[in-house]
Structures are given as C-alpha cells and as structure tokens.
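**Q** One structure coming up, written as structure tokens, with questions to follow.
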Amino acid sequence: MNRETKLWPADETAVAEAARTLREGGIVAFPTETVYGLGADARNPQAVRQVFEAKGRPSDNPLIVHIADREQLDELVLPFGGIPARLMEAFWPGPLTIVLPVRPGAAAPQVTAGLDTVAVRMPAHPVALRLIAAAGCPVAAPSANRSGRPSPTLAAHVMEDLAGRIDGVVDGGPAEVGLESTVVMVEDKRIRVLRPGGVTREALAEAAGCEVIAEGDARESREDAAPRSPGMKYAHYAPRGEMTLVIGDGEAVRAYIGREAAAARAAGCRTGVLTFEEHAGFYDADAVVVCGSLARPEQAAQRLYAALREFDARGIGRIWAEGCPPEGIGLALMNRLAKAAGGRIVRV
Ligand code: TXA
Ligand code: MG
C-alpha cells in the first residue's frame with residue numbers, strides 16, 4: 001500500500017473534497033467526539049475492504065456505521081422497539097452505538113461480518129456530521145489506528161499509523177471524549193453493554209428506565225457470557241512496551257510500582273509510569289506520564305491514548321499504570337487500561 005494521504009483542514013472546501021472521496025469509494029479519516037474514525041461508504045464492498053486492509057483488522061470484527069440523520073437510519077435498519085428509540089432520543093448525536101437489526105442489503109456484508117445486526121451511531125461532532133451529510137451515504141468507520149494500537153485522538157496519531165495507506169485525514173483537533181463510544185444492544189427489555197464508553201451505565205439506566213447489564217456480569221450463565229461484540233476478544237489499545245495495571249489501596253499501589261520500576265531500571269530497562277497529577281511527584285522512572293487528575297476521570301479518559309503513544313515515542317520497555325475507581329467514565333477507563341495491559345493486572 002502506498003498512496004498519497006492528504007491532511008485536510010476542517011474547512012468547507014476540504015470537507016467537500018473528503019466527502020467526494022468517500023462517495024467515489026475512497027477511505028478517509030475524520031474527527032468524532034470520541035476518537036478519529038476511518039470512514040468508507042458502508043454500502044460499497046470495495047471501499048469497506050480497503051478499511052480492513054489499511055488497519056490490518058481481522059475480518060470477523062464488524063464496523064460501526066455512522067449516520068447524520070434519521071432518514072439514513074431508516075434506510076439502514078429494520079423497525080426497532082421503544083428502548084432503542086429512547087436511547088437515541090437521549091444520547092444522539094453522541095458517544096453511544098446501538099446494535100440494531102440490519103435491513104438486508106443495506107450495508108456491505110463485511111460491515112456486519114455476516115451478523116443480522118448492525119452497530120449504528122450518530123456522532124456529536126460538527127465536522128463528522130457535515131462530512132457524512134455531504135457524502136450522502138452511511139459511513140462505516142472503525143477507529144483510525146492500525147489494529148492493536150491505541151485509538152487516535154489527534155490527526156497526527158492517524159498519520160503516524162496510516163499515512164500512505166489511506167486517502168486522507170480531516171484534522172478537527174483533539175477528540176473531546178478520548179475513549180470509544182459505549183456499544184449496547186437491547187435484549188428482553190434489558191440493555192446489555194457490550195463495550196463501556198463515553199455514555200455511562202448510570203446514564204443509560206436513567207434515560208431508558210430499564211435494567212442495564214454488562215458483558216460478563218457475574219449473574220450471567222457461562223454460555224450467556226460468550227462475547228457478543230466480536231471486537232472485545234482482541235488485544236487492543238496496546239503500547240509497544242509491556243504494561244502492567246496495578247490496582248488497590250493508593251499507598252500500596254505507589255509502593256509496589258516504585259519498587260518494581262526501580263528494580264527494572266537497575267536492570268537496564270527503560271521504565272514508564274502512567275499516573276495521576278496527585279501522585280506524579282512520587283515516582284522515579286524514565287517517563288512519568290500524567291493523564292489527568294484523580295478528581296476528574298473524564299480528563300484522564302481524554303488523554304489516555306495520547307499518553308500510551310507517548311511511552312512508545314520515548315522508547316519505554318516496561319510500563320506500570322495506576323488504576324482508578326471503576327465508576328462513571330472510570331469504568332471505561334479501567335476497561336481500556338486492562339486491555340492495554342493485555343491482562344497483566346496486579347492487585348496489591
Ligand atoms: O467511538 C467509536 O465507537 C469509534 C468512532 C470512530 O465512532 N469507533 C470505533 O469502532 O471504536 P471500532 O470498529 O474500533 O469498534 C467497533 C466495536 C467493536 O467492538 C465491534 O466488535 C462492535 O463495535 N460491533 C460492531 N458491529 C457489531 C454488531 N453488529 N454486534 C455487536 N458488536 C458490534
Ligand atoms: Mg478500534
């Protein structure tokens with residue numbers, strides 16, 4: 001793959017050119033409020049295939065389709081019930097993806113990976129909405145990173161991963177939420193969270209007035225706990241260095257990380273610590289990266305992926321990350337940290 005990748009500003013002329021590229025079967029990265037997406041016309045199998053190729057994405061992992069208005073929704077999905085309707089009312093445009101019954105033939109088969117459902121989202125970003133509306137097609141878009149790398153929250157991250165492999169990037173500045181959308185499906189009048197994200201469980205329950213369960217909840221039977229969101233089974237979001245997530249009482253966590261990092265450093269390893277403002281002064285490592293204040297988990301969410309990329313840029317071989325309380329957006333943050341750690345989680 002070796003094509004010219006344009007870096008467009010988010011002005012009218014550039015958005016029109018990006019939209020034309022999508023209509024003509026090209027692939028274009030664009031800003032959303034969560035992370036940057038890599039878009040293709042969801043109805044065009046050749047265009048969608050290029051998205052999988054550019055990312056190196058496994059073909060059994062379906063894509064989210066982005067829409068700009070309700071008319072596009074009706075063309076894409078079959079009639080749905082009251083709970084999805086209430087969720088759309090409450091959270092669209094916004095960081096919520098809803099899995100709905102797909103209208104046969106409305107999306108290229110690779111978009112749904114052969115399922116009879118499609119994941120749909122109306123992003124809350126003016127540039128994304130203008131681009132989709134101007135393209136006049138539903139836009140299938142996974143996050144605009146190489147598969148397995150942290151999702152991009154800046155146009156520069158997209159260029160880092162995909163320059164030469166895609167037709168262009170519209171630069172809309174930093175993504176506001178910083179973590180991918182919440183993915184849900186509705187079954188038996190309950191909302192099942194397939195991927196935690198920008199919309200919290202608490203907010204979903206309040207808006208829909210029904211029970212909200214999470215993938216893998218303890219009360220689920222083993223068969224029920226089989227992953228329904230194919231993407232969740234892949235290692236994701238990982239920095240190049242080996243990362244360990246450390247959970248527990250604050251003081252014990254700091255003592256553990258301090259000890260481990262010092263030992264690794266003495267053994268000649270470049271070490272990194274991912275921490276919060278309140279604890280930054282405590283550590284002695286080659287890279288101490290602060291992703292925000294403990295008091296403002298939404299800020300840590302916004303900066304997480306840039307922080308993971310920073311460890312890579314600084315050639316860090318081993319990383320320790322402090323956990324945070326799994327409440328509100330903290331739940332999504334912990335989910336991504338655990339994935340970045342590839343399951344290396346230490347409780348102290
Ligand atoms: O915030 C976001 O959601 C970003 C921006 C660009 O919108 N997109 C994103 O896409 O994160 P991606 O492809 O990286 O993640 C899509 C997730 C995967 O976990 C995938 O398995 C799941 O949605 N998914 C897609 N279609 C599905 C379906 N029909 N049923 C269940 N899960 C589905
Ligand atoms: Mg992704």
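Letters for chains follow the order of the structure tokens (A, B, ...), residue numbers begin at 1 for each chain, and ligand numbers begin at 1 in the order shown.
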Could you report the residues within 7 Å of ligand 1, using only C-alpha atoms and all ligand atoms, as a PyMOL selection string?
**A** chain A and resi 32+34-38+61-64+95+97+99+112+115+117-119+123+141-144+179-183+194-195+228-232
**Q** Take the residues that were just selected and, keeping C-alpha atoms, output them as a tab-separated table (two decimals), in the first residue's frame.
**A**
```tsv
chain	number	residue	atom	x	y	z
A	32	THR	CA	-15.54	12.45	16.04
A	34	THR	CA	-14.79	10.02	20.84
A	35	VAL	CA	-11.76	9.17	18.65
A	36	TYR	CA	-10.87	9.61	14.96
A	37	GLY	CA	-12.65	7.17	12.63
A	38	LEU	CA	-11.52	5.69	9.31
A	61	ASN	CA	-14.78	-7.86	13.57
A	62	PRO	CA	-17.74	-5.76	12.32
A	63	LEU	CA	-17.71	-1.98	11.88
A	64	ILE	CA	-19.83	0.83	13.32
A	95	PRO	CA	-20.94	8.64	22.09
A	97	THR	CA	-23.52	2.98	19.49
A	99	VAL	CA	-26.76	-2.61	17.74
A	112	THR	CA	-21.68	-6.59	9.72
A	115	LEU	CA	-24.36	-10.88	11.52
A	117	THR	CA	-27.39	-6.78	13.14
A	118	VAL	CA	-25.56	-3.53	12.50
A	119	ALA	CA	-23.97	-1.17	15.03
A	123	PRO	CA	-21.55	11.25	16.25
A	141	ALA	CA	-15.83	3.68	10.41
A	142	PRO	CA	-13.71	1.83	12.92
A	143	SER	CA	-11.17	3.81	14.92
A	144	ALA	CA	-8.46	5.16	12.58
A	179	LEU	CA	-12.36	6.83	24.53
A	180	GLU	CA	-14.56	4.98	22.04
A	181	SER	CA	-18.34	5.05	22.22
A	182	THR	CA	-20.38	2.85	24.51
A	183	VAL	CA	-21.74	-0.09	22.48
A	194	LEU	CA	-21.01	-4.72	25.02
A	195	ARG	CA	-18.29	-2.08	25.41
A	228	ARG	CA	-21.36	-10.78	21.61
A	229	SER	CA	-19.27	-7.86	20.46
A	230	PRO	CA	-16.69	-9.64	18.33
A	231	GLY	CA	-14.14	-6.84	18.78
A	232	MET	CA	-13.89	-7.31	22.53
```
**Q** May I have all residues of region 75-165 of chain A that DSSP, computed from the backbone, assigns to strand (DSSP E or B), given as a list of chain:residue names?
**A**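 Matching residues, listed in order: A:Val77, A:Leu96, A:Thr97, A:Ile98, A:Val99, A:Leu100, A:Pro101, A:Val102, A:Thr117, A:Val118, A:Ala119, A:Val120, A:Arg121, A:Val139, A:Ala140, A:Ser143.
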**Q** If we count only C-alpha atoms and set the cut-off at 12 Å, which residues sit around Gly168 (chain A), ignoring sequence neighbours fewer than 2 positions away in its own chain? Please answer as number ranges by chain.
**A** A: 3-10, 14-15, 17-22, 26-31, 37-40, 144, 155-156, 158-159, 162-166, 170-171
**Q** For the helix (DSSP H, G or I) assignment from backbone DSSP, which residues of region 38-152 of chain A qualify? Please present them as a ChimeraX atom specification.
**A** /A:45-55,70-76,82-91,109-112,126-135
**Q** Excluding Leu129 (chain A) and residues on its chain fewer than 6 positions from it, collect all residues at most 9 Å away from it, counting only C-alpha atoms, and give them as a list in words.
**A**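 The neighbour list is Thr32, His66, Ile67, Ala68, Asp69, Met122 and Pro123 of chain A.
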**Q** So which one's closest to ligand 2, A:Leu245, A:Ala113, A:Cys210, A:Ala238? Using only C-alpha atoms and all ligand atoms, please.
**A**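 Nearest to ligand 2: A:Ala238.
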**Q** What is the CA of Arg121 (chain A)-CA of Gly343 (chain A) distance in Å, reported with one decimal?
**A** 28.8 Å
**Q** Just give me the gap between CA of Leu331 (chain A) and CA of Val193 (chain A) in Å, one decimal is fine.
**A** 11.7 Å
**Q** Which residue out of A:Val186, A:Ala90, A:Ala47, A:Ala214 has the minimum interatomic distance to Ala108 (chain A) when only C-alpha atoms are used?
**A** A:Ala47
**Q** Between A:Arg190, A:Arg254, A:Lys339, A:Arg49, which has the minimum distance to ligand 2 (counting only C-alpha atoms and all ligand atoms)?
**A**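 Under the stated criterion, the closest residue is A:Lys339.
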**Q** Env of region 301-308 of chain A: 6 Å cut, atoms = only C-alpha atoms, seq-sep filter 2 positions within chain, self excluded. Answer as a ChimeraX atom specification.
**A** /A:150,177-178,239,291,298-299,310-311,333
**Q** Can I get the selected residues back with all heavy atoms, as a PDB file, in the first residue's frame?
**A**
```
ATOM      1  N   PRO A 150      -3.135   1.998  20.112  1.00  0.00           N
ATOM      2  CA  PRO A 150      -4.116   2.855  20.779  1.00  0.00           C
ATOM      3  C   PRO A 150      -4.931   3.649  19.755  1.00  0.00           C
ATOM      4  O   PRO A 150      -4.399   4.071  18.732  1.00  0.00           O
ATOM      5  CB  PRO A 150      -3.242   3.803  21.619  1.00  0.00           C
ATOM      6  CG  PRO A 150      -1.926   3.103  21.785  1.00  0.00           C
ATOM      7  CD  PRO A 150      -1.745   2.291  20.537  1.00  0.00           C
ATOM      8  N   VAL A 177     -13.907  13.332  23.977  1.00  0.00           N
ATOM      9  CA  VAL A 177     -14.130  12.259  24.956  1.00  0.00           C
ATOM     10  C   VAL A 177     -12.854  11.435  25.138  1.00  0.00           C
ATOM     11  O   VAL A 177     -12.442  11.130  26.255  1.00  0.00           O
ATOM     12  CB  VAL A 177     -15.299  11.341  24.528  1.00  0.00           C
ATOM     13  CG1 VAL A 177     -15.483  10.193  25.522  1.00  0.00           C
ATOM     14  CG2 VAL A 177     -16.587  12.143  24.392  1.00  0.00           C
ATOM     15  N   GLY A 178     -12.225  11.046  24.040  1.00  0.00           N
ATOM     16  CA  GLY A 178     -10.933  10.374  24.117  1.00  0.00           C
ATOM     17  C   GLY A 178     -11.006   8.858  24.196  1.00  0.00           C
ATOM     18  O   GLY A 178     -10.019   8.182  23.961  1.00  0.00           O
ATOM     19  N   PRO A 239       0.230  -0.150  24.041  1.00  0.00           N
ATOM     20  CA  PRO A 239       1.506   0.490  23.715  1.00  0.00           C
ATOM     21  C   PRO A 239       2.517  -0.598  23.353  1.00  0.00           C
ATOM     22  O   PRO A 239       2.239  -1.784  23.541  1.00  0.00           O
ATOM     23  CB  PRO A 239       1.890   1.192  25.016  1.00  0.00           C
ATOM     24  CG  PRO A 239       1.250   0.377  26.093  1.00  0.00           C
ATOM     25  CD  PRO A 239       0.007  -0.226  25.489  1.00  0.00           C
ATOM     26  N   CYS A 291      -1.968  11.433  33.221  1.00  0.00           N
ATOM     27  CA  CYS A 291      -3.079  11.524  32.269  1.00  0.00           C
ATOM     28  C   CYS A 291      -4.235  12.341  32.812  1.00  0.00           C
ATOM     29  O   CYS A 291      -5.238  12.515  32.125  1.00  0.00           O
ATOM     30  CB  CYS A 291      -3.486  10.163  31.715  1.00  0.00           C
ATOM     31  SG  CYS A 291      -4.264   9.086  32.856  1.00  0.00           S
ATOM     32  N   GLU A 298     -12.803  12.195  33.616  1.00  0.00           N
ATOM     33  CA  GLU A 298     -13.088  12.473  32.193  1.00  0.00           C
ATOM     34  C   GLU A 298     -11.856  13.057  31.499  1.00  0.00           C
ATOM     35  O   GLU A 298     -11.624  12.844  30.311  1.00  0.00           O
ATOM     36  CB  GLU A 298     -14.334  13.353  32.002  1.00  0.00           C
ATOM     37  CG  GLU A 298     -14.290  14.763  32.528  1.00  0.00           C
ATOM     38  CD  GLU A 298     -14.419  14.840  34.057  1.00  0.00           C
ATOM     39  OE1 GLU A 298     -14.660  13.811  34.732  1.00  0.00           O
ATOM     40  OE2 GLU A 298     -14.267  15.949  34.587  1.00  0.00           O
ATOM     41  N   GLN A 299     -11.028  13.780  32.276  1.00  0.00           N
ATOM     42  CA  GLN A 299      -9.795  14.343  31.733  1.00  0.00           C
ATOM     43  C   GLN A 299      -8.789  13.206  31.454  1.00  0.00           C
ATOM     44  O   GLN A 299      -8.127  13.192  30.422  1.00  0.00           O
ATOM     45  CB  GLN A 299      -9.232  15.280  32.794  1.00  0.00           C
ATOM     46  CG  GLN A 299      -8.119  16.175  32.370  1.00  0.00           C
ATOM     47  CD  GLN A 299      -7.682  17.035  33.556  1.00  0.00           C
ATOM     48  OE1 GLN A 299      -7.481  16.513  34.664  1.00  0.00           O
ATOM     49  NE2 GLN A 299      -7.565  18.322  33.335  1.00  0.00           N
ATOM     50  N   GLU A 310       2.779   8.212  23.928  1.00  0.00           N
ATOM     51  CA  GLU A 310       3.981   8.914  24.387  1.00  0.00           C
ATOM     52  C   GLU A 310       5.038   7.918  24.901  1.00  0.00           C
ATOM     53  O   GLU A 310       6.230   8.092  24.665  1.00  0.00           O
ATOM     54  CB  GLU A 310       3.617   9.926  25.471  1.00  0.00           C
ATOM     55  CG  GLU A 310       4.796  10.818  25.810  1.00  0.00           C
ATOM     56  CD  GLU A 310       4.452  11.900  26.820  1.00  0.00           C
ATOM     57  OE1 GLU A 310       3.265  12.289  26.909  1.00  0.00           O
ATOM     58  OE2 GLU A 310       5.386  12.335  27.517  1.00  0.00           O
ATOM     59  N   PHE A 311       4.592   6.867  25.582  1.00  0.00           N
ATOM     60  CA  PHE A 311       5.550   5.855  26.038  1.00  0.00           C
ATOM     61  C   PHE A 311       6.285   5.251  24.836  1.00  0.00           C
ATOM     62  O   PHE A 311       7.491   5.018  24.876  1.00  0.00           O
ATOM     63  CB  PHE A 311       4.846   4.741  26.821  1.00  0.00           C
ATOM     64  CG  PHE A 311       4.369   5.179  28.180  1.00  0.00           C
ATOM     65  CD1 PHE A 311       3.023   5.143  28.505  1.00  0.00           C
ATOM     66  CD2 PHE A 311       5.281   5.618  29.135  1.00  0.00           C
ATOM     67  CE1 PHE A 311       2.586   5.545  29.752  1.00  0.00           C
ATOM     68  CE2 PHE A 311       4.851   6.017  30.391  1.00  0.00           C
ATOM     69  CZ  PHE A 311       3.493   5.982  30.705  1.00  0.00           C
ATOM     70  N   LEU A 333     -12.462   3.706  31.383  1.00  0.00           N
ATOM     71  CA  LEU A 333     -11.021   3.938  31.504  1.00  0.00           C
ATOM     72  C   LEU A 333     -10.320   2.661  31.981  1.00  0.00           C
ATOM     73  O   LEU A 333      -9.309   2.230  31.416  1.00  0.00           O
ATOM     74  CB  LEU A 333     -10.806   5.086  32.491  1.00  0.00           C
ATOM     75  CG  LEU A 333      -9.431   5.716  32.603  1.00  0.00           C
ATOM     76  CD1 LEU A 333      -8.981   6.267  31.263  1.00  0.00           C
ATOM     77  CD2 LEU A 333      -9.455   6.829  33.649  1.00  0.00           C
TER      78      LEU A 333
END
```
**Q** What's around Leu204 (chain A) at 12 Å? Count only C-alpha atoms, leave out sequence neighbours fewer than 2 positions away in its own chain, and write the answer as number ranges by chain.
**A** A: 83-84, 86-91, 95-98, 182-186, 190-193, 196-202, 206-214, 328
**Q** Print the selection's residues with N, CA, C and O atoms to a file, as a short mmCIF file (atom, residue, chain, number, x, y, z; two decimals), in the first residue's frame.
**A**
```cif
data_model
loop_
_atom_site.label_atom_id
_atom_site.label_comp_id
_atom_site.auth_asym_id
_atom_site.auth_seq_id
_atom_site.Cartn_x
_atom_site.Cartn_y
_atom_site.Cartn_z
N ILE A 83 -37.04 0.94 23.60
CA ILE A 83 -35.82 1.23 24.36
C ILE A 83 -34.75 1.86 23.46
O ILE A 83 -34.21 2.93 23.79
N PRO A 84 -34.45 1.26 22.29
CA PRO A 84 -33.50 1.95 21.40
C PRO A 84 -33.97 3.36 21.05
O PRO A 84 -33.15 4.29 21.00
N ARG A 86 -35.71 5.41 22.85
CA ARG A 86 -35.44 6.34 23.97
C ARG A 86 -33.96 6.66 24.08
O ARG A 86 -33.57 7.78 24.41
N LEU A 87 -33.12 5.65 23.82
CA LEU A 87 -31.67 5.89 23.89
C LEU A 87 -31.23 6.91 22.83
O LEU A 87 -30.41 7.79 23.09
N MET A 88 -31.80 6.77 21.62
CA MET A 88 -31.45 7.73 20.55
C MET A 88 -31.87 9.13 20.94
O MET A 88 -31.13 10.10 20.77
N GLU A 89 -33.09 9.21 21.47
CA GLU A 89 -33.63 10.50 21.91
C GLU A 89 -32.69 11.15 22.94
O GLU A 89 -32.39 12.34 22.87
N ALA A 90 -32.22 10.33 23.87
CA ALA A 90 -31.41 10.88 24.97
C ALA A 90 -29.96 11.15 24.57
O ALA A 90 -29.37 12.12 25.05
N PHE A 91 -29.38 10.31 23.70
CA PHE A 91 -27.92 10.37 23.54
C PHE A 91 -27.42 10.69 22.14
O PHE A 91 -26.22 10.81 21.94
N PRO A 95 -21.84 9.81 22.05
CA PRO A 95 -20.94 8.64 22.09
C PRO A 95 -21.63 7.33 22.46
O PRO A 95 -21.16 6.60 23.32
N LEU A 96 -22.77 7.05 21.82
CA LEU A 96 -23.48 5.80 22.06
C LEU A 96 -23.72 5.08 20.74
O LEU A 96 -24.31 5.64 19.81
N THR A 97 -23.29 3.82 20.66
CA THR A 97 -23.52 2.98 19.49
C THR A 97 -24.56 1.94 19.85
O THR A 97 -24.45 1.28 20.89
N ILE A 98 -25.59 1.81 19.00
CA ILE A 98 -26.68 0.87 19.29
C ILE A 98 -26.70 -0.22 18.23
O ILE A 98 -26.68 0.07 17.03
N THR A 182 -19.75 3.98 23.84
CA THR A 182 -20.38 2.85 24.51
C THR A 182 -21.16 2.06 23.46
O THR A 182 -21.87 2.66 22.65
N VAL A 183 -20.98 0.73 23.43
CA VAL A 183 -21.74 -0.09 22.48
C VAL A 183 -22.78 -0.89 23.27
O VAL A 183 -22.42 -1.58 24.24
N VAL A 184 -24.06 -0.79 22.87
CA VAL A 184 -25.11 -1.53 23.58
C VAL A 184 -25.98 -2.31 22.61
O VAL A 184 -26.07 -1.99 21.44
N MET A 185 -26.60 -3.36 23.14
CA MET A 185 -27.69 -4.00 22.42
C MET A 185 -28.84 -4.22 23.39
O MET A 185 -28.63 -4.26 24.60
N VAL A 186 -30.06 -4.30 22.87
CA VAL A 186 -31.22 -4.46 23.74
C VAL A 186 -31.75 -5.87 23.57
O VAL A 186 -31.97 -6.32 22.44
N ARG A 190 -33.90 -5.46 28.34
CA ARG A 190 -32.74 -5.02 29.12
C ARG A 190 -31.68 -4.48 28.16
O ARG A 190 -31.60 -4.92 27.01
N ILE A 191 -30.86 -3.58 28.67
CA ILE A 191 -29.76 -3.06 27.86
C ILE A 191 -28.50 -3.82 28.24
O ILE A 191 -28.14 -3.90 29.42
N ARG A 192 -27.85 -4.38 27.25
CA ARG A 192 -26.58 -5.06 27.52
C ARG A 192 -25.45 -4.18 27.00
O ARG A 192 -25.41 -3.82 25.82
N VAL A 193 -24.53 -3.83 27.88
CA VAL A 193 -23.37 -3.02 27.47
C VAL A 193 -22.30 -3.95 26.93
O VAL A 193 -21.76 -4.77 27.66
N PRO A 196 -17.97 -0.66 27.39
CA PRO A 196 -18.18 0.58 28.14
C PRO A 196 -17.53 1.75 27.42
O PRO A 196 -16.53 1.55 26.71
N GLY A 197 -18.07 2.94 27.58
CA GLY A 197 -17.51 4.08 26.87
C GLY A 197 -18.04 5.40 27.39
O GLY A 197 -18.36 5.52 28.57
N GLY A 198 -18.14 6.35 26.48
CA GLY A 198 -18.47 7.73 26.83
C GLY A 198 -19.81 7.90 27.54
O GLY A 198 -19.97 8.84 28.31
N VAL A 199 -20.79 7.04 27.28
CA VAL A 199 -22.07 7.12 27.99
C VAL A 199 -22.05 6.07 29.10
O VAL A 199 -21.86 4.89 28.85
N THR A 200 -22.25 6.49 30.33
CA THR A 200 -22.10 5.58 31.47
C THR A 200 -23.35 4.71 31.66
O THR A 200 -24.44 5.03 31.19
N ARG A 201 -23.18 3.61 32.39
CA ARG A 201 -24.31 2.71 32.72
C ARG A 201 -25.40 3.45 33.46
O ARG A 201 -26.58 3.22 33.24
N GLU A 202 -24.95 4.31 34.38
CA GLU A 202 -25.90 5.08 35.19
C GLU A 202 -26.80 5.92 34.27
O GLU A 202 -28.02 5.94 34.42
N GLU A 206 -30.94 5.55 33.55
CA GLU A 206 -31.85 6.66 33.82
C GLU A 206 -32.66 7.04 32.58
O GLU A 206 -33.87 7.25 32.66
N ALA A 207 -32.00 7.07 31.42
CA ALA A 207 -32.70 7.51 30.21
C ALA A 207 -33.70 6.46 29.73
O ALA A 207 -34.78 6.80 29.24
N ALA A 208 -33.36 5.17 29.84
CA ALA A 208 -34.22 4.14 29.27
C ALA A 208 -35.20 3.57 30.28
O ALA A 208 -36.20 2.95 29.92
N GLY A 209 -34.93 3.78 31.55
CA GLY A 209 -35.83 3.26 32.59
C GLY A 209 -35.91 1.74 32.60
O GLY A 209 -36.97 1.18 32.82
N CYS A 210 -34.79 1.06 32.31
CA CYS A 210 -34.78 -0.40 32.37
C CYS A 210 -33.46 -0.87 32.94
O CYS A 210 -32.56 -0.08 33.20
N GLU A 211 -33.36 -2.19 33.12
CA GLU A 211 -32.14 -2.75 33.69
C GLU A 211 -30.98 -2.67 32.68
O GLU A 211 -31.18 -2.85 31.49
N VAL A 212 -29.80 -2.40 33.20
CA VAL A 212 -28.61 -2.35 32.35
C VAL A 212 -27.64 -3.41 32.85
O VAL A 212 -27.27 -3.42 34.03
N ILE A 213 -27.26 -4.33 31.97
CA ILE A 213 -26.29 -5.35 32.38
C ILE A 213 -25.05 -5.23 31.53
O ILE A 213 -25.09 -4.72 30.42
N ALA A 214 -23.94 -5.70 32.10
CA ALA A 214 -22.67 -5.59 31.37
C ALA A 214 -22.26 -6.95 30.87
O ALA A 214 -22.60 -7.97 31.47
N GLY A 328 -18.67 5.60 36.73
CA GLY A 328 -18.88 6.57 35.64
C GLY A 328 -17.93 6.26 34.50
O GLY A 328 -17.76 5.10 34.11
#
```
**Q** Name all residues at most 8 Å from Val246 (chain A) (count only C-alpha atoms; drop same-chain ones fewer than 3 positions away) and give them as a list in words.
**A**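 Listed by chain and then number, they are Val253, Ile257, Trp320, Ala321, Glu322, Gly323, Ile345, Val346, Arg347 and Val348 of chain A.
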**Q** What does the distance from CA of Val77 (chain A) to CA of Arg23 (chain A) come to in Å, to one decimal?
**A**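 Going from CA of Val77 (chain A) over to CA of Arg23 (chain A), I get 20.7 Å.
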